[in-house]
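> Next comes final.cif, mmCIF, N, CA and C atoms:
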```cif
data_work
#
loop_
_atom_site.label_atom_id
_atom_site.label_comp_id
_atom_site.auth_asym_id
_atom_site.auth_seq_id
_atom_site.Cartn_x
_atom_site.Cartn_y
_atom_site.Cartn_z
N MET A 1 0.72 14.51 14.29
CA MET A 1 1.18 13.15 14.40
C MET A 1 1.51 12.82 15.86
N LEU A 2 2.10 13.77 16.55
CA LEU A 2 2.41 13.52 17.96
C LEU A 2 1.15 13.38 18.79
N ALA A 3 0.13 14.15 18.44
CA ALA A 3 -1.14 14.03 19.17
C ALA A 3 -1.76 12.66 18.94
N SER A 4 -1.67 12.15 17.74
CA SER A 4 -2.19 10.81 17.44
C SER A 4 -1.44 9.76 18.24
N TRP A 5 -0.12 9.89 18.29
CA TRP A 5 0.70 8.94 19.03
C TRP A 5 0.33 8.98 20.52
N TYR A 6 0.14 10.18 21.06
CA TYR A 6 -0.24 10.33 22.46
C TYR A 6 -1.60 9.68 22.71
N TYR A 7 -2.55 9.91 21.80
CA TYR A 7 -3.89 9.35 21.94
C TYR A 7 -3.87 7.83 21.88
N ILE A 8 -3.07 7.28 20.99
CA ILE A 8 -2.94 5.82 20.88
C ILE A 8 -2.35 5.26 22.17
N ASN A 9 -1.36 5.93 22.72
CA ASN A 9 -0.76 5.47 23.98
C ASN A 9 -1.76 5.51 25.12
N LEU A 10 -2.64 6.51 25.14
CA LEU A 10 -3.65 6.57 26.19
C LEU A 10 -4.68 5.45 26.05
N LEU A 11 -5.12 5.20 24.81
CA LEU A 11 -6.17 4.21 24.60
C LEU A 11 -5.70 2.77 24.68
N PHE A 12 -4.58 2.48 24.04
CA PHE A 12 -4.18 1.08 23.86
C PHE A 12 -2.93 0.67 24.61
N GLY A 13 -2.26 1.59 25.23
CA GLY A 13 -1.04 1.25 25.95
C GLY A 13 0.19 1.75 25.21
N GLU A 14 1.32 1.32 25.69
CA GLU A 14 2.60 1.82 25.19
C GLU A 14 2.87 1.41 23.75
N LEU A 15 3.19 2.40 22.92
CA LEU A 15 3.61 2.19 21.54
C LEU A 15 4.80 3.10 21.30
N SER A 16 5.93 2.51 20.98
CA SER A 16 7.14 3.33 20.81
C SER A 16 7.00 4.22 19.58
N PHE A 17 7.71 5.33 19.62
CA PHE A 17 7.66 6.28 18.52
C PHE A 17 8.26 5.66 17.25
N GLY A 18 9.27 4.81 17.41
CA GLY A 18 9.87 4.11 16.28
C GLY A 18 8.87 3.20 15.59
N THR A 19 8.06 2.51 16.38
CA THR A 19 7.03 1.64 15.81
C THR A 19 6.00 2.47 15.06
N LEU A 20 5.64 3.63 15.61
CA LEU A 20 4.70 4.51 14.93
C LEU A 20 5.25 4.96 13.58
N LEU A 21 6.54 5.28 13.53
CA LEU A 21 7.15 5.69 12.27
C LEU A 21 7.16 4.55 11.26
N LEU A 22 7.41 3.33 11.73
CA LEU A 22 7.36 2.17 10.83
C LEU A 22 5.95 1.95 10.29
N VAL A 23 4.96 2.09 11.14
CA VAL A 23 3.57 1.94 10.70
C VAL A 23 3.25 2.99 9.65
N LEU A 24 3.64 4.23 9.89
CA LEU A 24 3.40 5.29 8.91
C LEU A 24 4.13 5.02 7.60
N PHE A 25 5.34 4.51 7.66
CA PHE A 25 6.09 4.19 6.46
C PHE A 25 5.39 3.11 5.63
N PHE A 26 5.00 2.01 6.27
CA PHE A 26 4.40 0.90 5.52
C PHE A 26 3.01 1.25 5.00
N TYR A 27 2.21 1.97 5.80
CA TYR A 27 0.92 2.43 5.28
C TYR A 27 1.11 3.47 4.17
N GLY A 28 2.16 4.26 4.27
CA GLY A 28 2.48 5.21 3.21
C GLY A 28 2.81 4.51 1.91
N LEU A 29 3.50 3.37 1.99
CA LEU A 29 3.76 2.58 0.78
C LEU A 29 2.46 2.14 0.14
N TRP A 30 1.53 1.67 0.95
CA TRP A 30 0.23 1.24 0.42
C TRP A 30 -0.49 2.41 -0.25
N LEU A 31 -0.46 3.56 0.38
CA LEU A 31 -1.10 4.73 -0.19
C LEU A 31 -0.42 5.15 -1.49
N LEU A 32 0.90 5.08 -1.54
CA LEU A 32 1.62 5.39 -2.78
C LEU A 32 1.25 4.42 -3.90
N LEU A 33 1.01 3.17 -3.57
CA LEU A 33 0.58 2.21 -4.58
C LEU A 33 -0.77 2.61 -5.16
N VAL A 34 -1.69 3.00 -4.31
CA VAL A 34 -3.01 3.41 -4.78
C VAL A 34 -2.91 4.69 -5.62
N VAL A 35 -2.08 5.62 -5.20
CA VAL A 35 -1.90 6.86 -5.96
C VAL A 35 -1.24 6.56 -7.31
N SER A 36 -0.26 5.67 -7.34
CA SER A 36 0.39 5.35 -8.62
C SER A 36 -0.57 4.60 -9.54
N LEU A 37 -1.47 3.79 -8.99
CA LEU A 37 -2.53 3.18 -9.80
C LEU A 37 -3.40 4.25 -10.43
N SER A 38 -3.76 5.23 -9.63
CA SER A 38 -4.59 6.32 -10.12
C SER A 38 -3.87 7.12 -11.20
N ILE A 39 -2.60 7.38 -11.01
CA ILE A 39 -1.82 8.10 -12.02
C ILE A 39 -1.75 7.30 -13.31
N PHE A 40 -1.53 5.99 -13.19
CA PHE A 40 -1.46 5.14 -14.37
C PHE A 40 -2.77 5.17 -15.15
N TYR A 41 -3.88 5.00 -14.45
CA TYR A 41 -5.17 5.03 -15.14
C TYR A 41 -5.48 6.41 -15.70
N ASN A 42 -4.97 7.44 -15.03
CA ASN A 42 -5.19 8.80 -15.52
C ASN A 42 -4.43 9.06 -16.82
N THR A 43 -3.32 8.37 -17.03
CA THR A 43 -2.62 8.52 -18.31
C THR A 43 -3.33 7.78 -19.43
N LEU A 44 -4.14 6.79 -19.09
CA LEU A 44 -4.86 6.03 -20.12
C LEU A 44 -6.20 6.64 -20.49
N PHE A 45 -6.89 7.20 -19.50
CA PHE A 45 -8.24 7.70 -19.71
C PHE A 45 -8.34 9.14 -19.23
N LYS A 46 -9.19 9.92 -19.90
CA LYS A 46 -9.34 11.34 -19.54
C LYS A 46 -10.49 11.58 -18.56
N THR A 47 -11.39 10.64 -18.41
CA THR A 47 -12.57 10.82 -17.56
C THR A 47 -12.21 10.53 -16.10
N PRO A 48 -12.34 11.53 -15.22
CA PRO A 48 -11.98 11.32 -13.81
C PRO A 48 -12.80 10.22 -13.13
N GLY A 49 -14.07 10.14 -13.47
CA GLY A 49 -14.92 9.10 -12.87
C GLY A 49 -14.45 7.70 -13.23
N LEU A 50 -14.04 7.52 -14.47
CA LEU A 50 -13.54 6.22 -14.92
C LEU A 50 -12.23 5.88 -14.24
N VAL A 51 -11.37 6.88 -14.08
CA VAL A 51 -10.10 6.68 -13.39
C VAL A 51 -10.34 6.25 -11.94
N ALA A 52 -11.26 6.93 -11.26
CA ALA A 52 -11.58 6.57 -9.87
C ALA A 52 -12.17 5.18 -9.80
N PHE A 53 -13.10 4.87 -10.70
CA PHE A 53 -13.71 3.54 -10.70
C PHE A 53 -12.66 2.45 -10.92
N LEU A 54 -11.79 2.63 -11.91
CA LEU A 54 -10.79 1.61 -12.21
C LEU A 54 -9.78 1.46 -11.06
N THR A 55 -9.45 2.56 -10.42
CA THR A 55 -8.54 2.48 -9.28
C THR A 55 -9.17 1.69 -8.14
N ILE A 56 -10.40 2.02 -7.81
CA ILE A 56 -11.10 1.31 -6.73
C ILE A 56 -11.33 -0.14 -7.10
N ALA A 57 -11.72 -0.39 -8.35
CA ALA A 57 -11.96 -1.77 -8.80
C ALA A 57 -10.67 -2.58 -8.74
N THR A 58 -9.55 -1.98 -9.12
CA THR A 58 -8.27 -2.69 -9.07
C THR A 58 -7.90 -3.04 -7.64
N VAL A 59 -8.08 -2.10 -6.73
CA VAL A 59 -7.77 -2.37 -5.32
C VAL A 59 -8.67 -3.49 -4.78
N ILE A 60 -9.94 -3.47 -5.15
CA ILE A 60 -10.86 -4.52 -4.70
C ILE A 60 -10.46 -5.87 -5.29
N LEU A 61 -10.14 -5.89 -6.58
CA LEU A 61 -9.73 -7.15 -7.22
C LEU A 61 -8.41 -7.67 -6.65
N MET A 62 -7.51 -6.76 -6.33
CA MET A 62 -6.27 -7.20 -5.67
C MET A 62 -6.58 -7.83 -4.32
N GLY A 63 -7.52 -7.24 -3.59
CA GLY A 63 -7.91 -7.80 -2.30
C GLY A 63 -8.57 -9.16 -2.44
N LEU A 64 -9.45 -9.30 -3.43
CA LEU A 64 -10.09 -10.60 -3.67
C LEU A 64 -9.07 -11.65 -4.07
N GLY A 65 -8.16 -11.27 -4.96
CA GLY A 65 -7.13 -12.22 -5.37
C GLY A 65 -6.24 -12.63 -4.23
N THR A 66 -5.91 -11.69 -3.37
CA THR A 66 -5.09 -12.00 -2.21
C THR A 66 -5.84 -12.90 -1.24
N THR A 67 -7.13 -12.68 -1.08
CA THR A 67 -7.93 -13.51 -0.18
C THR A 67 -8.06 -14.93 -0.72
N ILE A 68 -8.33 -15.05 -2.01
CA ILE A 68 -8.53 -16.37 -2.61
C ILE A 68 -7.22 -17.15 -2.66
N PHE A 69 -6.14 -16.49 -3.04
CA PHE A 69 -4.86 -17.16 -3.20
C PHE A 69 -3.88 -16.78 -2.09
N SER A 70 -4.37 -16.69 -0.86
CA SER A 70 -3.54 -16.22 0.24
C SER A 70 -2.36 -17.14 0.53
N HIS A 71 -2.51 -18.42 0.23
CA HIS A 71 -1.42 -19.35 0.47
C HIS A 71 -0.27 -19.15 -0.52
N VAL A 72 -0.55 -18.53 -1.65
CA VAL A 72 0.47 -18.30 -2.68
C VAL A 72 0.98 -16.86 -2.62
N LEU A 73 0.11 -15.92 -2.34
CA LEU A 73 0.45 -14.49 -2.37
C LEU A 73 0.82 -13.98 -0.98
N GLU A 74 1.87 -14.53 -0.42
CA GLU A 74 2.30 -14.12 0.92
C GLU A 74 2.80 -12.69 0.94
N TRP A 75 3.35 -12.21 -0.16
CA TRP A 75 3.94 -10.88 -0.20
C TRP A 75 3.06 -9.90 -0.96
N SER A 76 1.78 -10.13 -0.98
CA SER A 76 0.86 -9.22 -1.65
C SER A 76 0.78 -7.89 -0.89
N PRO A 77 0.73 -6.78 -1.63
CA PRO A 77 0.58 -5.49 -0.95
C PRO A 77 -0.69 -5.40 -0.09
N ASN A 78 -1.69 -6.18 -0.43
CA ASN A 78 -2.93 -6.15 0.36
C ASN A 78 -2.77 -6.78 1.74
N ARG A 79 -1.70 -7.47 1.97
CA ARG A 79 -1.47 -8.09 3.28
C ARG A 79 -0.64 -7.21 4.21
N ILE A 80 -0.27 -6.02 3.74
CA ILE A 80 0.58 -5.14 4.54
C ILE A 80 -0.08 -4.81 5.88
N SER A 81 -1.38 -4.54 5.88
CA SER A 81 -2.03 -4.17 7.14
C SER A 81 -2.02 -5.34 8.14
N ASN A 82 -2.16 -6.57 7.64
CA ASN A 82 -2.07 -7.73 8.54
C ASN A 82 -0.68 -7.85 9.16
N TYR A 83 0.33 -7.63 8.33
CA TYR A 83 1.70 -7.72 8.83
C TYR A 83 2.03 -6.57 9.77
N ILE A 84 1.43 -5.41 9.55
CA ILE A 84 1.65 -4.28 10.46
C ILE A 84 1.06 -4.61 11.83
N GLN A 85 -0.12 -5.20 11.85
CA GLN A 85 -0.71 -5.62 13.13
C GLN A 85 0.21 -6.61 13.85
N GLN A 86 0.75 -7.55 13.09
CA GLN A 86 1.67 -8.52 13.67
C GLN A 86 2.92 -7.83 14.21
N MET A 87 3.41 -6.81 13.49
CA MET A 87 4.59 -6.07 13.92
C MET A 87 4.31 -5.33 15.24
N ILE A 88 3.13 -4.74 15.35
CA ILE A 88 2.79 -4.01 16.57
C ILE A 88 2.69 -4.95 17.77
N VAL A 89 2.10 -6.12 17.54
CA VAL A 89 1.92 -7.08 18.65
C VAL A 89 3.26 -7.67 19.09
N THR A 90 4.09 -8.09 18.13
CA THR A 90 5.34 -8.78 18.48
C THR A 90 6.48 -7.81 18.76
N GLY A 91 6.44 -6.62 18.18
CA GLY A 91 7.52 -5.67 18.36
C GLY A 91 8.64 -5.84 17.36
N ASN A 92 8.53 -6.84 16.47
CA ASN A 92 9.54 -7.09 15.44
C ASN A 92 8.92 -6.95 14.06
N VAL A 93 9.73 -6.52 13.10
CA VAL A 93 9.24 -6.40 11.72
C VAL A 93 9.28 -7.78 11.10
N PRO A 94 8.11 -8.33 10.71
CA PRO A 94 8.10 -9.66 10.09
C PRO A 94 8.77 -9.64 8.72
N SER A 95 9.40 -10.75 8.37
CA SER A 95 10.06 -10.83 7.06
C SER A 95 9.04 -10.74 5.93
N ASP A 96 7.82 -11.22 6.17
CA ASP A 96 6.77 -11.11 5.15
C ASP A 96 6.39 -9.65 4.90
N LEU A 97 6.46 -8.82 5.93
CA LEU A 97 6.19 -7.39 5.75
C LEU A 97 7.25 -6.75 4.87
N ILE A 98 8.49 -7.12 5.06
CA ILE A 98 9.56 -6.59 4.22
C ILE A 98 9.37 -7.06 2.79
N GLY A 99 9.01 -8.34 2.61
CA GLY A 99 8.76 -8.86 1.27
C GLY A 99 7.60 -8.15 0.59
N ALA A 100 6.52 -7.93 1.33
CA ALA A 100 5.37 -7.23 0.77
C ALA A 100 5.73 -5.78 0.43
N ALA A 101 6.57 -5.16 1.25
CA ALA A 101 6.99 -3.79 0.97
C ALA A 101 7.85 -3.74 -0.30
N ILE A 102 8.72 -4.71 -0.49
CA ILE A 102 9.55 -4.76 -1.70
C ILE A 102 8.68 -4.95 -2.94
N VAL A 103 7.72 -5.86 -2.86
CA VAL A 103 6.80 -6.08 -3.99
C VAL A 103 6.01 -4.80 -4.26
N THR A 104 5.59 -4.12 -3.23
CA THR A 104 4.84 -2.87 -3.39
C THR A 104 5.69 -1.80 -4.08
N VAL A 105 6.93 -1.66 -3.66
CA VAL A 105 7.82 -0.67 -4.28
C VAL A 105 8.04 -1.02 -5.76
N ILE A 106 8.22 -2.29 -6.06
CA ILE A 106 8.39 -2.71 -7.46
C ILE A 106 7.15 -2.37 -8.27
N MET A 107 5.98 -2.63 -7.71
CA MET A 107 4.73 -2.30 -8.43
C MET A 107 4.60 -0.80 -8.64
N ILE A 108 4.97 -0.01 -7.64
CA ILE A 108 4.90 1.45 -7.76
C ILE A 108 5.82 1.92 -8.88
N VAL A 109 7.03 1.43 -8.89
CA VAL A 109 8.00 1.84 -9.92
C VAL A 109 7.50 1.43 -11.30
N LEU A 110 7.00 0.20 -11.43
CA LEU A 110 6.50 -0.26 -12.73
C LEU A 110 5.31 0.59 -13.21
N LEU A 111 4.41 0.92 -12.30
CA LEU A 111 3.26 1.74 -12.68
C LEU A 111 3.68 3.14 -13.10
N ILE A 112 4.62 3.73 -12.40
CA ILE A 112 5.09 5.08 -12.75
C ILE A 112 5.83 5.06 -14.09
N VAL A 113 6.67 4.04 -14.30
CA VAL A 113 7.39 3.92 -15.58
C VAL A 113 6.40 3.72 -16.72
N ALA A 114 5.40 2.86 -16.50
CA ALA A 114 4.37 2.64 -17.53
C ALA A 114 3.60 3.93 -17.80
N SER A 115 3.35 4.71 -16.77
CA SER A 115 2.67 6.00 -16.95
C SER A 115 3.49 6.95 -17.80
N VAL A 116 4.78 6.99 -17.55
CA VAL A 116 5.66 7.88 -18.31
C VAL A 116 5.69 7.46 -19.77
N PHE A 117 5.83 6.16 -20.03
CA PHE A 117 5.85 5.67 -21.42
C PHE A 117 4.52 5.93 -22.11
N THR A 118 3.42 5.78 -21.39
CA THR A 118 2.11 6.02 -21.97
C THR A 118 1.96 7.50 -22.34
N LEU A 119 2.41 8.39 -21.45
CA LEU A 119 2.32 9.82 -21.74
C LEU A 119 3.21 10.20 -22.93
N ARG A 120 4.37 9.60 -23.02
CA ARG A 120 5.27 9.90 -24.15
C ARG A 120 4.67 9.44 -25.48
N LYS A 121 3.98 8.29 -25.46
CA LYS A 121 3.36 7.79 -26.68
C LYS A 121 2.19 8.65 -27.11
N LYS A 122 1.48 9.23 -26.15
CA LYS A 122 0.30 10.07 -26.48
C LYS A 122 0.72 11.39 -27.12
N LYS A 123 1.91 11.87 -26.81
CA LYS A 123 2.35 13.18 -27.32
C LYS A 123 2.89 13.06 -28.68
#
```
Rewrite the structure from the file as structure tokens, please.

Amino acid sequence: MLASWYYINLLFGELSFGTLLLVLFFYGLWLLLVVSLSIFYNTLFKTPGLVAFLTIATVILMGLGTTIFSHVLEWSPNRISNYIQQMIVTGNVPSDLIGAAIVTVIMIVLLIVASVFTLRKKK
């Protein structure tokens, strides 16, 4: 991670270590959302290929929905990367990024809880 930070500083200029940690945190939230989607679909279906397809399809559909309804879905998890870019440029964490992170955490929790209930019902 330190080597990546050093390389970014060489290529693009000064980036504080705190900003790098924030970027890793918010991208980590996005990755956790994708993993929790995969876990949820894995509790519903036994076929790994179907689980992968549904996970990718859901992420794509979320992106399309966010693009089409961008004026309404300001706090969509799919907009996290846009807000991260804005955070890097301005040096401040945008309030929309915090909102998108909260929505993402809520979605992660709901997907994990739904996965647990689904597994309990199957047993």
> Can you measure atom C of A:Leu73 to atom C of A:Gly99 for me? One decimal in Å is fine.
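Calculated distance between atom C of A:Leu73 and atom C of A:Gly99 is 9.1 Å.
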> State, in Å with one decimal place, the distance from atom CA of A:Ile84 to atom CA of A:Ala101.
10.9 Å
> Could you spell out the hits of the PyMOL selection byres (((chain A and resi 23 and name CA) around 12) and name CA) on the shown file, as an mmCIF file with N, CA and C atoms, keeping the file's coordinate frame?

```cif
data_model
loop_
_atom_site.group_PDB
_atom_site.id
_atom_site.type_symbol
_atom_site.label_atom_id
_atom_site.label_comp_id
_atom_site.auth_asym_id
_atom_site.auth_seq_id
_atom_site.Cartn_x
_atom_site.Cartn_y
_atom_site.Cartn_z
ATOM 1 N N TRP A 5 -0.120 9.890 18.290
ATOM 2 C CA TRP A 5 0.700 8.940 19.030
ATOM 3 C C TRP A 5 0.330 8.980 20.520
ATOM 4 N N LEU A 15 3.190 2.400 22.920
ATOM 5 C CA LEU A 15 3.610 2.190 21.540
ATOM 6 C C LEU A 15 4.800 3.100 21.300
ATOM 7 N N SER A 16 5.930 2.510 20.980
ATOM 8 C CA SER A 16 7.140 3.330 20.810
ATOM 9 C C SER A 16 7.000 4.220 19.580
ATOM 10 N N PHE A 17 7.710 5.330 19.620
ATOM 11 C CA PHE A 17 7.660 6.280 18.520
ATOM 12 C C PHE A 17 8.260 5.660 17.250
ATOM 13 N N GLY A 18 9.270 4.810 17.410
ATOM 14 C CA GLY A 18 9.870 4.110 16.280
ATOM 15 C C GLY A 18 8.870 3.200 15.590
ATOM 16 N N THR A 19 8.060 2.510 16.380
ATOM 17 C CA THR A 19 7.030 1.640 15.810
ATOM 18 C C THR A 19 6.000 2.470 15.060
ATOM 19 N N LEU A 20 5.640 3.630 15.610
ATOM 20 C CA LEU A 20 4.700 4.510 14.930
ATOM 21 C C LEU A 20 5.250 4.960 13.580
ATOM 22 N N LEU A 21 6.540 5.280 13.530
ATOM 23 C CA LEU A 21 7.150 5.690 12.270
ATOM 24 C C LEU A 21 7.160 4.550 11.260
ATOM 25 N N LEU A 22 7.410 3.330 11.730
ATOM 26 C CA LEU A 22 7.360 2.170 10.830
ATOM 27 C C LEU A 22 5.950 1.950 10.290
ATOM 28 N N LEU A 24 3.640 4.230 9.890
ATOM 29 C CA LEU A 24 3.400 5.290 8.910
ATOM 30 C C LEU A 24 4.130 5.020 7.600
ATOM 31 N N PHE A 25 5.340 4.510 7.660
ATOM 32 C CA PHE A 25 6.090 4.190 6.460
ATOM 33 C C PHE A 25 5.390 3.110 5.630
ATOM 34 N N PHE A 26 5.000 2.010 6.270
ATOM 35 C CA PHE A 26 4.400 0.900 5.520
ATOM 36 C C PHE A 26 3.010 1.250 5.000
ATOM 37 N N TYR A 27 2.210 1.970 5.800
ATOM 38 C CA TYR A 27 0.920 2.430 5.280
ATOM 39 C C TYR A 27 1.110 3.470 4.170
ATOM 40 N N GLY A 28 2.160 4.260 4.270
ATOM 41 C CA GLY A 28 2.480 5.210 3.210
ATOM 42 C C GLY A 28 2.810 4.510 1.910
ATOM 43 N N LEU A 29 3.500 3.370 1.990
ATOM 44 C CA LEU A 29 3.760 2.580 0.780
ATOM 45 C C LEU A 29 2.460 2.140 0.140
ATOM 46 N N TRP A 30 1.530 1.670 0.950
ATOM 47 C CA TRP A 30 0.230 1.240 0.420
ATOM 48 C C TRP A 30 -0.490 2.410 -0.250
ATOM 49 N N ILE A 80 -0.270 -6.020 3.740
ATOM 50 C CA ILE A 80 0.580 -5.140 4.540
ATOM 51 C C ILE A 80 -0.080 -4.810 5.880
ATOM 52 N N SER A 81 -1.380 -4.540 5.880
ATOM 53 C CA SER A 81 -2.030 -4.170 7.140
ATOM 54 C C SER A 81 -2.020 -5.340 8.140
ATOM 55 N N ASN A 82 -2.160 -6.570 7.640
ATOM 56 C CA ASN A 82 -2.070 -7.730 8.540
ATOM 57 C C ASN A 82 -0.680 -7.850 9.160
ATOM 58 N N TYR A 83 0.330 -7.630 8.330
ATOM 59 C CA TYR A 83 1.700 -7.720 8.830
ATOM 60 C C TYR A 83 2.030 -6.570 9.770
ATOM 61 N N ILE A 84 1.430 -5.410 9.550
ATOM 62 C CA ILE A 84 1.650 -4.280 10.460
ATOM 63 C C ILE A 84 1.060 -4.610 11.830
ATOM 64 N N GLN A 85 -0.120 -5.200 11.850
ATOM 65 C CA GLN A 85 -0.710 -5.620 13.130
ATOM 66 C C GLN A 85 0.210 -6.610 13.850
ATOM 67 N N GLN A 86 0.750 -7.550 13.090
ATOM 68 C CA GLN A 86 1.670 -8.520 13.670
ATOM 69 C C GLN A 86 2.920 -7.830 14.210
ATOM 70 N N MET A 87 3.410 -6.810 13.490
ATOM 71 C CA MET A 87 4.590 -6.070 13.920
ATOM 72 C C MET A 87 4.310 -5.330 15.240
ATOM 73 N N ILE A 88 3.130 -4.740 15.350
ATOM 74 C CA ILE A 88 2.790 -4.010 16.570
ATOM 75 C C ILE A 88 2.690 -4.950 17.770
ATOM 76 N N GLY A 91 6.440 -6.620 18.180
ATOM 77 C CA GLY A 91 7.520 -5.670 18.360
ATOM 78 C C GLY A 91 8.640 -5.840 17.360
ATOM 79 N N ASN A 92 8.530 -6.840 16.470
ATOM 80 C CA ASN A 92 9.540 -7.090 15.440
ATOM 81 C C ASN A 92 8.920 -6.950 14.060
ATOM 82 N N VAL A 93 9.730 -6.520 13.100
ATOM 83 C CA VAL A 93 9.240 -6.400 11.720
ATOM 84 C C VAL A 93 9.280 -7.780 11.100
ATOM 85 N N LEU A 97 6.460 -8.820 5.930
ATOM 86 C CA LEU A 97 6.190 -7.390 5.750
ATOM 87 C C LEU A 97 7.250 -6.750 4.870
ATOM 88 N N ALA A 101 6.570 -5.160 1.250
ATOM 89 C CA ALA A 101 6.990 -3.790 0.970
ATOM 90 C C ALA A 101 7.850 -3.740 -0.300
#
```
> Quick check on the file I pasted: which residues fall under the PyMOL selection byres ((chain A and resi 100) around 6.5)? Write them as a list in words.
Glu74, Trp75, Ser76, Pro77, Ile80, Ser95, Asp96, Leu97, Ile98, Gly99, Ala101, Ile102, Val103, Thr104 and Val105 of chain A
> Name every residue that the PyMOL selection byres ((chain A and resi 108-113) around 7) selects in this structure, writing the answer as number ranges by chain with chains first and numbers rising.
A: 32-33, 36-37, 39-40, 103-107, 114-118
> Produce a file of the selected residues containing N, CA and C atoms, as a PDB file, in the coordinates of the input.

```pdb
ATOM      1  N   LEU A  32       0.900   5.080  -1.540  1.00  0.00           N
ATOM      2  CA  LEU A  32       1.620   5.390  -2.780  1.00  0.00           C
ATOM      3  C   LEU A  32       1.250   4.420  -3.900  1.00  0.00           C
ATOM      4  N   LEU A  33       1.010   3.170  -3.570  1.00  0.00           N
ATOM      5  CA  LEU A  33       0.580   2.210  -4.580  1.00  0.00           C
ATOM      6  C   LEU A  33      -0.770   2.610  -5.160  1.00  0.00           C
ATOM      7  N   SER A  36      -0.260   5.670  -7.340  1.00  0.00           N
ATOM      8  CA  SER A  36       0.390   5.350  -8.620  1.00  0.00           C
ATOM      9  C   SER A  36      -0.570   4.600  -9.540  1.00  0.00           C
ATOM     10  N   LEU A  37      -1.470   3.790  -8.990  1.00  0.00           N
ATOM     11  CA  LEU A  37      -2.530   3.180  -9.800  1.00  0.00           C
ATOM     12  C   LEU A  37      -3.400   4.250 -10.430  1.00  0.00           C
ATOM     13  N   ILE A  39      -2.600   7.380 -11.010  1.00  0.00           N
ATOM     14  CA  ILE A  39      -1.820   8.100 -12.020  1.00  0.00           C
ATOM     15  C   ILE A  39      -1.750   7.300 -13.310  1.00  0.00           C
ATOM     16  N   PHE A  40      -1.530   5.990 -13.190  1.00  0.00           N
ATOM     17  CA  PHE A  40      -1.460   5.140 -14.370  1.00  0.00           C
ATOM     18  C   PHE A  40      -2.770   5.170 -15.150  1.00  0.00           C
ATOM     19  N   VAL A 103       7.720  -5.860  -2.860  1.00  0.00           N
ATOM     20  CA  VAL A 103       6.800  -6.080  -3.990  1.00  0.00           C
ATOM     21  C   VAL A 103       6.010  -4.800  -4.260  1.00  0.00           C
ATOM     22  N   THR A 104       5.590  -4.120  -3.230  1.00  0.00           N
ATOM     23  CA  THR A 104       4.840  -2.870  -3.390  1.00  0.00           C
ATOM     24  C   THR A 104       5.690  -1.800  -4.080  1.00  0.00           C
ATOM     25  N   VAL A 105       6.930  -1.660  -3.660  1.00  0.00           N
ATOM     26  CA  VAL A 105       7.820  -0.670  -4.280  1.00  0.00           C
ATOM     27  C   VAL A 105       8.040  -1.020  -5.760  1.00  0.00           C
ATOM     28  N   ILE A 106       8.220  -2.290  -6.060  1.00  0.00           N
ATOM     29  CA  ILE A 106       8.390  -2.710  -7.460  1.00  0.00           C
ATOM     30  C   ILE A 106       7.150  -2.370  -8.270  1.00  0.00           C
ATOM     31  N   MET A 107       5.980  -2.630  -7.710  1.00  0.00           N
ATOM     32  CA  MET A 107       4.730  -2.300  -8.430  1.00  0.00           C
ATOM     33  C   MET A 107       4.600  -0.800  -8.640  1.00  0.00           C
ATOM     34  N   ALA A 114       5.400   2.860 -16.500  1.00  0.00           N
ATOM     35  CA  ALA A 114       4.370   2.640 -17.530  1.00  0.00           C
ATOM     36  C   ALA A 114       3.600   3.930 -17.800  1.00  0.00           C
ATOM     37  N   SER A 115       3.350   4.710 -16.770  1.00  0.00           N
ATOM     38  CA  SER A 115       2.670   6.000 -16.950  1.00  0.00           C
ATOM     39  C   SER A 115       3.490   6.950 -17.800  1.00  0.00           C
ATOM     40  N   VAL A 116       4.780   6.990 -17.550  1.00  0.00           N
ATOM     41  CA  VAL A 116       5.660   7.880 -18.310  1.00  0.00           C
ATOM     42  C   VAL A 116       5.690   7.460 -19.770  1.00  0.00           C
ATOM     43  N   PHE A 117       5.830   6.160 -20.030  1.00  0.00           N
ATOM     44  CA  PHE A 117       5.850   5.670 -21.420  1.00  0.00           C
ATOM     45  C   PHE A 117       4.520   5.930 -22.110  1.00  0.00           C
ATOM     46  N   THR A 118       3.420   5.780 -21.390  1.00  0.00           N
ATOM     47  CA  THR A 118       2.110   6.020 -21.970  1.00  0.00           C
ATOM     48  C   THR A 118       1.960   7.500 -22.340  1.00  0.00           C
TER      49      THR A 118
END
```
> Mind pulling up the distance from atom C of A:Phe69 to atom C of A:Val89?
24.1 Å
> Report the residues of chain A whose backbone DSSP state falls under helix (DSSP H, G or I), written as a PyMOL selection string.
chain A and resi 2-12+17-44+48-68+77-90+95-122
> Between A:Thr43, A:Ser4, A:Thr55, A:Thr67, which is the closest to A:Leu119 once you count only N, CA and C atoms?
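Closest candidate: A:Thr43.
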> Using only C-alpha atoms, find the one residue out of A:Met62, A:Val34, A:Asn42, A:Val51 that sits nearest to A:Arg79.
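That would be A:Met62, the residue with the smallest distance to A:Arg79.
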> Could you work out an axis-aligned bounding box for all listed atoms of stretch 78-97 of chain A, with 3 Å added on each of the six sides, and give its centre and edge lengths in Å to one decimal, as lines of an AutoDock Vina configuration file?

```
center_x = 3.6
center_y = -7.6
center_z = 9.3
size_x = 19.0
size_y = 13.2
size_z = 25.5
```
